[in-house]
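A.B. asks: This is the structure I have questions about; it appears just below.
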Amino acid sequence: MMRVSMALAFLTAGLFGGSAWAGGGWTDYAAAFPVFACQDGWMACLVDGNGVSPEMQRDGDGRPRPSDLRVGWDLKPTPNFSPFVTLSAYTGQLVAVAEEPPPEVPPEVPPEAPPEADTGDAVAVVDPDDKKDPPEVKHDPPVVAKNDPPPKGQDPVTPPPKADPPPTTNGGGSKVRPKNGETTVGGGTTAPVAKNDPPAKADPPKSDPGAGITLKADPKPAPVDDSCDNITAMEKQSMLGKLSDGQQACLEGSYKGAAKQTEKDKYSRILMANAYGKGDLKGWEKLVRRHLEEIDQSDADLCYKYALHLAKGGSGKAPGVIRWANVALENRTVWTGSTYQDRVSSLYKIRAVAAQSMWKAAEDDHAKNPTDETKKKVDDTRSQTKVFAREWYEYCKVAGKDTTTALQLCTSAAGTKDYCEGG
Amino acid sequence: MKLRNLIAGVWLAVGSLAVPASALAKPPPEGVKVTVIVVDEAGAPIPTAVVRHPLEADRHRVNTVDGAFSESVLYLPDGTELKFLPGMELELEISAPGYVNRPVKYVIRKRKNVITVPLAKMELSLDEEELEDPMIQFAREKPIDGQSGDPSP
């Protein structure tokens, strides 16, 4: 029995020792498990001088293929064919990337080429004289002209630019009419619609690297559009204060001619936005006053904004501040949450401050030339300040806001804290 | 004769006693003049300031030139007089539009009761962050792209 045990022990020890000797250490497999699989980290591997990356590849004919495809569509081995190929030595040079040639614009293009002469390329034609279609502002990202796919045999490392799908409506030689805002070919704002054609084998790339890009620019400057039919299209322009004088005059005429208040409302808001956008606060003030007095006073935001604007104008505009702050407070239910609290508190504040500025002005007048009339004005404005300040103070207390200034103003007008803190 | 002399003596005695009593009676105490000068933080008089006792209904304007108010007695709403007597603690509230109210307590002395009260300006700035400037909506009937409408300034 002892012998059997000893034999088993030796046999087990021999097995472990033999496997350890045969397998060697982990360092023997360092080459099989490199720290970085590729020479420059995980960005790209060089296999037989060709870069292999996880991005979509293209074969010599420009056909897409997955990066891990080992046999191409032509049944030829790809650079990934063998997993045992050693990586090329890292030389520190970047993988060559084909540069995109700049799109060439023909220097002289006849302004009105007959459609029959088209070569099937998409053509951007500026036609500013056509007024049938009101221009629409299009804000699509500019399309970048792309180069043609590389010829056969090009290094497959560098994927050729993607070819656009064949045009359906504008292709085949029909002209593409750019929309408003894209008519500045050579003028400097946005790139016009200029797409290249899909790779056509009959069109050798070396003959025209920028094939498919034919831009026709009208040498005449585009006339200024003074129409105001499309209000929605004018909104963004108006926010930037970039409506032309003609457009403003058109809007003004439309405003005066509009029968419905809702129509007037639209025109008025565009005009107000334009005045504010270009920093014409005096003009904006007139337009807002007209809007509020002639069209609608139910817009609490507008009343609030107008009262806020007037509040920065001194005691001369204090009656207006009080008036429009009161109107905004009447419509305050459109606000909710913190917006409600902040704006209502602000309205109470600017109203009390406006009343105080009137009281102060009345006191100054009375101190210079005291009469019964000035005395009455002092009493009236002081009472008004007292009331408004107390309302402000009460709201601050309820809303959990800082009551220091409100209480100071109330006490100043009332003369004592008893009035302000009384129940 | 004796009776006449007796009556005359009594009258003399009564008269001699009565005259010194009336001559020795004290006059009622009068208030001491107290002057309050209201100035701003730079020391300039505030012409629009007013002085008021807490129990009083009226507000007393200061002199518009030197910002001073002087008085020795105040009349309370119930008709009583409040005379400023030495040793008395006088309580006043000083206010002016645009300035923070200031209550003042002062112990009246026999003379030279001049109090200078500086008032601090009230900070009522409207250029604070709390005054949010709202965006005004365009009058769109239907929102574009499912949004609630582009705001405009």
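Numbering starts fresh at 1 for the residues of each chain in the structure tokens, the chains themselves are lettered A, B, ... in the order given, and ligands are numbered from 1 as they appear.
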Define the interface residues of chain B facing chain A as those within 7 Å, counting only C-alpha atoms, and report them as a list of chain:residue names.
C.D. replies: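 The complete set of qualifying residues is B:Pro47, B:Thr48, B:Thr64, B:Glu93, B:Ser95, B:Ala96, B:Pro97, B:Gly98, B:Val100, B:Asn101, B:Glu130, B:Leu131, B:Asp133, B:Pro134, B:Ile136, B:Phe138, B:Ala139, B:Ser152, B:Pro153.
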A.B. asks: So what do you get for atom CA of Val34 of chain B versus atom CA of Lys121 of chain B, distance-wise?
C.D. replies: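 These two atoms are separated by 25.0 Å.
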A.B. asks: What does the structure give for the distance between atom CA of Lys278 of chain A and atom CA of Cys228 of chain A, in Å to one decimal?
C.D. replies: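 A separation of 18.4 Å between them.
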A.B. asks: Can you work out the spacing between atom CA of Gln247 of chain A and atom CA of Asp226 of chain A in Å, to one decimal?
C.D. replies: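 Here the two named atoms are 4.4 Å from each other.
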